[in-house]
Amino acid sequence: MFCQIIKQPEANMCDHKIKPKSSKMNDGYVQGKPQGWESRLSQVEVECSLHYSIVEGTYAAIMGTLTGGAFLTGFALGVGAEDFEIGLLASIPALMTLAQIPASYMVERTGHPRRIVLQSAVAGRLIWFIIALLPFSLFSFGERYVITVLLALIAASNLFGSITRLSWLSWMSALVPTGRMGKFFARRNLINNGIAMLAGMGAGQFLDLFRKEIPRASIFGFSVLFAVAAAVGMVSVRYLAKMAEPPIFSAPAKESYLKILRLPLREKNFRRLIAFSVTWNFSTNFAAPFFAVYMIQEAGLSYFFIGSLATIGGVISMFSMKYWGELSDRYGNEPILRISLMGKCIYPFLWVLTTPNSYLLYIIINMTSIFDAGLGLSTSNMLLKLAPKERNSVYLAVHGTLVGLSSTIGPIFGGMLASVLKGTRISMGFITLEHFKFMFLISGIFRIFVLSIARRLNEPQASSVSDIFDAIRERREPTLPEGFQQMIQILIVEPVRFIGEKVGSLLNKDENNN
């Protein structure tokens, strides 16, 4: 059952094993592909693969939530990591994007990203079973050993993860019909974010309870969390294996791959997008790993409250995606990106005003996640729009690698500066700057600088920011009761209806299986 996410297929049509290729043709699924690109997948195979992709995405989202963010930071702090090591830990995923270059080479030469995805996904997920066992070695080898091994294992996991992501994007770009790409990924992300939020809240509650009941062995709560995450990750691979693979464009063997790699840098618009992405990711990752450290160490917030904050931000981001998408379709991605950037520039400055007891301010800060949805949607849409279908793996790899380098340098530089600023304190009226708050302030200044770079982006036929604001002003302002009703609809009714539909679909699926 497609759970009202994509068109309902015929009964039991996905029960059979899908072959990677089929002799059936369906011209409706090759629109927008390069000349000579043939689809050997039937409509049934495509629909089933899209369904499996949504199911796979929910399991992958759970794993990503349980092995990242405050949970990974809390684990690192629990085994004795210091500021520089926290920054290094945060920089590893970005550094491993260098693997996207050889991954794109394999995709270009073989034309079979599915096989690469499955092999790298299995390897990356199995590593988390080993990470789950690390606390048991604390007694024999000590903190320094555990931290060193942790960094190495995280690097290996992210290496395989980077290969998986690049190959998966190339695979999905060929699999998802061009006319449905935006709608499909929006709905997939909506479901993934919803499941991830619930998983984050449950995991936070579990860790708080574990710490309360077994305070001297609280670090082993992370072992349980990571083992569950690894198991869930393997389930996601099972559904990846069910998906079909259409033929992917492969580069002629005689064509120099180094020459191919230079293609993205020769296009002016794509260079501007790279420049924006590189500087923006540096400015955000400079302080990104220290928000969680600040909440855990200096503000003393519980994991459940931290998870609840993430849930609030996730709900707002999730249900605002629909409205950002409508604006994007009507006015283009460029003005959405600029508006979202202005909103996210405020984010680090609000953190400077926080105190351990400013719970309402923490909630307000996470409400800026509405701009995360707009920024993520507009950036990814522009990236996919500017990357030609026949070379998408190369364009994505070059963009991802350069962005990854800046995202690597950002937290390392931030970690070094955080170590230097430790113990520094400056009072300015009602604001006191110390330690991590210096990082937040500098990050905000960097973000304002990036606004000038974003102005150079050029999307053909896109409207201006003023056009959107003019359209908003022309609309009738809602009355107080109407505004309250809209707020209830977005924050309560839609999430409850979403969860109800998911539960109902699972029950119906069980009935069909019986």
# chains A, B, ... in the order shown; residues from 1 in each chain; ligands from 1

$ residues_around --residues "Ile312 of chain A" --least-positions-apart "4" --cutoff "8 Å" --atoms "only C-alpha atoms" --output "compact mmCIF listing (two decimals) with C-alpha atoms, in the first residue's frame"
# COMPACT_ATOMS: atom_id res chain seq x y z
CA SER A 308 11.82 18.10 21.97
CA ILE A 316 7.67 23.56 11.61
CA ILE A 363 11.79 27.21 21.56
CA ASN A 366 14.12 26.37 16.91
CA MET A 367 11.12 27.96 15.23

$ residues_around --residues "segment 125-139 of chain A" --least-positions-apart "4" --cutoff "8 Å" --atoms "only C-alpha atoms" --output "PyMOL selection string"
chain A and resi 79+121+143+146+150+153+156-157+219-220+222-227+229-230+233-234

$ write_last_selection --atoms "N, CA and C atoms" --output "short mmCIF file (atom, residue, chain, number, x, y, z; two decimals), in the first residue's frame"
data_model
loop_
_atom_site.label_atom_id
_atom_site.label_comp_id
_atom_site.auth_asym_id
_atom_site.auth_seq_id
_atom_site.Cartn_x
_atom_site.Cartn_y
_atom_site.Cartn_z
N VAL A 79 32.78 9.93 26.67
CA VAL A 79 34.04 9.18 26.67
C VAL A 79 35.24 10.11 26.79
N ALA A 121 26.48 0.96 1.52
CA ALA A 121 25.51 1.13 2.61
C ALA A 121 25.67 0.04 3.66
N GLU A 143 40.22 6.52 28.04
CA GLU A 143 39.49 7.46 27.20
C GLU A 143 40.20 7.82 25.91
N VAL A 146 39.72 5.18 23.26
CA VAL A 146 38.34 5.11 22.78
C VAL A 146 38.03 6.27 21.84
N LEU A 150 37.04 5.95 18.03
CA LEU A 150 35.76 6.53 17.65
C LEU A 150 35.90 7.42 16.43
N LEU A 153 36.48 5.24 13.35
CA LEU A 153 35.28 4.53 12.91
C LEU A 153 34.25 5.47 12.30
N ALA A 156 35.40 6.15 8.83
CA ALA A 156 35.13 5.03 7.92
C ALA A 156 33.65 4.96 7.56
N SER A 157 32.78 5.14 8.55
CA SER A 157 31.34 5.10 8.30
C SER A 157 30.91 6.21 7.35
N ILE A 219 26.83 5.84 30.01
CA ILE A 219 27.44 5.79 28.69
C ILE A 219 26.96 4.58 27.91
N PHE A 220 26.56 3.52 28.61
CA PHE A 220 26.11 2.31 27.92
C PHE A 220 24.72 2.48 27.31
N PHE A 222 24.12 4.77 25.26
CA PHE A 222 24.45 5.06 23.87
C PHE A 222 24.76 3.77 23.11
N SER A 223 25.32 2.76 23.80
CA SER A 223 25.59 1.48 23.15
C SER A 223 24.30 0.85 22.64
N VAL A 224 23.27 0.89 23.49
CA VAL A 224 21.96 0.36 23.08
C VAL A 224 21.41 1.15 21.89
N LEU A 225 21.54 2.47 21.97
CA LEU A 225 21.01 3.35 20.93
C LEU A 225 21.68 3.08 19.59
N PHE A 226 23.01 2.98 19.58
CA PHE A 226 23.75 2.79 18.34
C PHE A 226 23.52 1.39 17.77
N ALA A 227 23.36 0.38 18.63
CA ALA A 227 23.09 -0.98 18.14
C ALA A 227 21.73 -1.04 17.46
N ALA A 229 20.23 1.51 16.09
CA ALA A 229 20.37 2.29 14.86
C ALA A 229 20.99 1.46 13.74
N ALA A 230 22.03 0.69 14.07
CA ALA A 230 22.67 -0.14 13.06
C ALA A 230 21.72 -1.20 12.51
N GLY A 233 19.30 0.44 10.27
CA GLY A 233 19.98 0.77 9.02
C GLY A 233 20.07 -0.41 8.07
N MET A 234 20.26 -1.62 8.62
CA MET A 234 20.32 -2.80 7.77
C MET A 234 18.96 -3.11 7.17
#

$ residues_around --residues "Pro348 of chain A" --least-positions-apart "6" --cutoff "12 Å" --atoms "only C-alpha atoms" --output "PyMOL selection string"
chain A and resi 283-288+290-291+342+354+362+365-366+368+436-448

$ write_last_selection --atoms "C-alpha atoms" --output "CSV table (one decimal), in the first residue's frame"
chain,number,residue,atom,x,y,z
A,283,SER,CA,29.9,30.0,8.2
A,284,THR,CA,27.3,27.5,9.6
A,285,ASN,CA,29.7,24.6,10.4
A,286,PHE,CA,32.1,27.0,12.1
A,287,ALA,CA,29.8,26.9,15.2
A,288,ALA,CA,27.4,24.1,14.4
A,290,PHE,CA,29.0,23.6,19.7
A,291,PHE,CA,25.3,24.3,19.9
A,342,MET,CA,17.9,36.4,5.9
A,354,THR,CA,20.3,32.5,25.9
A,362,TYR,CA,15.2,28.0,23.0
A,365,ILE,CA,15.2,29.8,18.2
A,366,ASN,CA,14.1,26.4,16.9
A,368,THR,CA,13.6,29.5,12.8
A,436,PHE,CA,30.8,29.2,22.9
A,437,LYS,CA,28.8,32.5,22.7
A,438,PHE,CA,31.8,34.0,21.0
A,439,MET,CA,31.5,31.3,18.4
A,440,PHE,CA,27.8,32.0,17.8
A,441,LEU,CA,28.5,35.7,17.4
A,442,ILE,CA,31.3,35.2,14.8
A,443,SER,CA,29.1,32.7,12.9
A,444,GLY,CA,26.4,35.3,12.7
A,445,ILE,CA,28.8,37.8,11.2
A,446,PHE,CA,30.0,35.3,8.7
A,447,ARG,CA,26.4,34.6,7.6
A,448,ILE,CA,25.7,38.3,7.0

$ select_by_dssp --residues "segment 386-485 of chain A" --states "helix (DSSP H, G or I)" --output "ChimeraX atom specification"
/A:386,389-421,436-454,465-474,480-485

$ residues_around --residues "Thr408 of chain A" --least-positions-apart "2" --cutoff "7 Å" --atoms "only C-alpha atoms" --output "PyMOL selection string"
chain A and resi 91-92+94-95+404-406+410-412

$ write_last_selection --atoms "N, CA and C atoms" --output "PDB file, in the first residue's frame"
ATOM      1  N   SER A  91      33.698  17.660  11.735  1.00  0.00           N
ATOM      2  CA  SER A  91      34.275  17.923  10.412  1.00  0.00           C
ATOM      3  C   SER A  91      34.440  16.660   9.580  1.00  0.00           C
ATOM      4  N   ILE A  92      34.418  15.507  10.221  1.00  0.00           N
ATOM      5  CA  ILE A  92      34.674  14.250   9.512  1.00  0.00           C
ATOM      6  C   ILE A  92      33.676  13.992   8.391  1.00  0.00           C
ATOM      7  N   ALA A  94      32.015  15.969   6.517  1.00  0.00           N
ATOM      8  CA  ALA A  94      32.297  16.850   5.380  1.00  0.00           C
ATOM      9  C   ALA A  94      33.591  16.451   4.680  1.00  0.00           C
ATOM     10  N   LEU A  95      34.609  16.078   5.465  1.00  0.00           N
ATOM     11  CA  LEU A  95      35.886  15.676   4.877  1.00  0.00           C
ATOM     12  C   LEU A  95      35.718  14.438   3.998  1.00  0.00           C
ATOM     13  N   GLY A 404      32.170  20.068   0.919  1.00  0.00           N
ATOM     14  CA  GLY A 404      32.682  19.240   2.005  1.00  0.00           C
ATOM     15  C   GLY A 404      33.983  19.753   2.580  1.00  0.00           C
ATOM     16  N   LEU A 405      34.858  20.257   1.712  1.00  0.00           N
ATOM     17  CA  LEU A 405      36.128  20.814   2.201  1.00  0.00           C
ATOM     18  C   LEU A 405      35.892  22.022   3.093  1.00  0.00           C
ATOM     19  N   SER A 406      34.987  22.894   2.685  1.00  0.00           N
ATOM     20  CA  SER A 406      34.699  24.075   3.507  1.00  0.00           C
ATOM     21  C   SER A 406      34.020  23.667   4.809  1.00  0.00           C
ATOM     22  N   GLY A 410      35.616  24.458   8.544  1.00  0.00           N
ATOM     23  CA  GLY A 410      34.808  25.261   9.466  1.00  0.00           C
ATOM     24  C   GLY A 410      34.848  24.777  10.900  1.00  0.00           C
ATOM     25  N   PRO A 411      34.408  23.536  11.198  1.00  0.00           N
ATOM     26  CA  PRO A 411      34.401  23.081  12.593  1.00  0.00           C
ATOM     27  C   PRO A 411      35.791  22.872  13.190  1.00  0.00           C
ATOM     28  N   ILE A 412      36.781  22.533  12.356  1.00  0.00           N
ATOM     29  CA  ILE A 412      38.146  22.406  12.893  1.00  0.00           C
ATOM     30  C   ILE A 412      38.648  23.763  13.360  1.00  0.00           C
TER      31      ILE A 412
END

$ residues_around --residues "segment 182-197 of chain A" --least-positions-apart "6" --cutoff "6 Å" --atoms "only C-alpha atoms" --output "JSON list (two decimals) with N, CA and C atoms, in the first residue's frame"
[["chain", "number", "residue", "atom", "x", "y", "z"],
["A", 54, "ILE", "N", 10.48, 5.20, -0.36],
["A", 54, "ILE", "CA", 9.87, 5.91, 0.77],
["A", 54, "ILE", "C", 10.01, 5.09, 2.04],
["A", 58, "THR", "N", 12.42, 5.94, 5.58],
["A", 58, "THR", "CA", 12.01, 6.05, 6.99],
["A", 58, "THR", "C", 13.01, 5.36, 7.90],
["A", 61, "ALA", "N", 16.20, 7.39, 7.98],
["A", 61, "ALA", "CA", 16.03, 8.60, 8.78],
["A", 61, "ALA", "C", 16.15, 8.30, 10.27],
["A", 62, "ILE", "N", 15.60, 7.16, 10.68],
["A", 62, "ILE", "CA", 15.72, 6.77, 12.10],
["A", 62, "ILE", "C", 17.18, 6.55, 12.46],
["A", 65, "THR", "N", 19.06, 9.83, 12.73],
["A", 65, "THR", "CA", 18.72, 10.58, 13.95],
["A", 65, "THR", "C", 19.43, 10.00, 15.16],
["A", 311, "THR", "N", 12.28, 18.38, 17.70],
["A", 311, "THR", "CA", 10.96, 18.01, 17.20],
["A", 311, "THR", "C", 10.16, 19.25, 16.81],
["A", 318, "MET", "N", 8.88, 20.73, 8.52],
["A", 318, "MET", "CA", 8.18, 19.72, 7.72],
["A", 318, "MET", "C", 6.92, 20.27, 7.08]]

$ closest_residue --among "A:Ala231, A:Ile296, A:Ala373, A:Leu151" --to "Ala70 of chain A" --atoms "only C-alpha atoms"
A:Ile296

$ atom_distance --atom1 "atom CA of Ala199 of chain A" --atom2 "atom CA of Ala60 of chain A"
11.4 Å
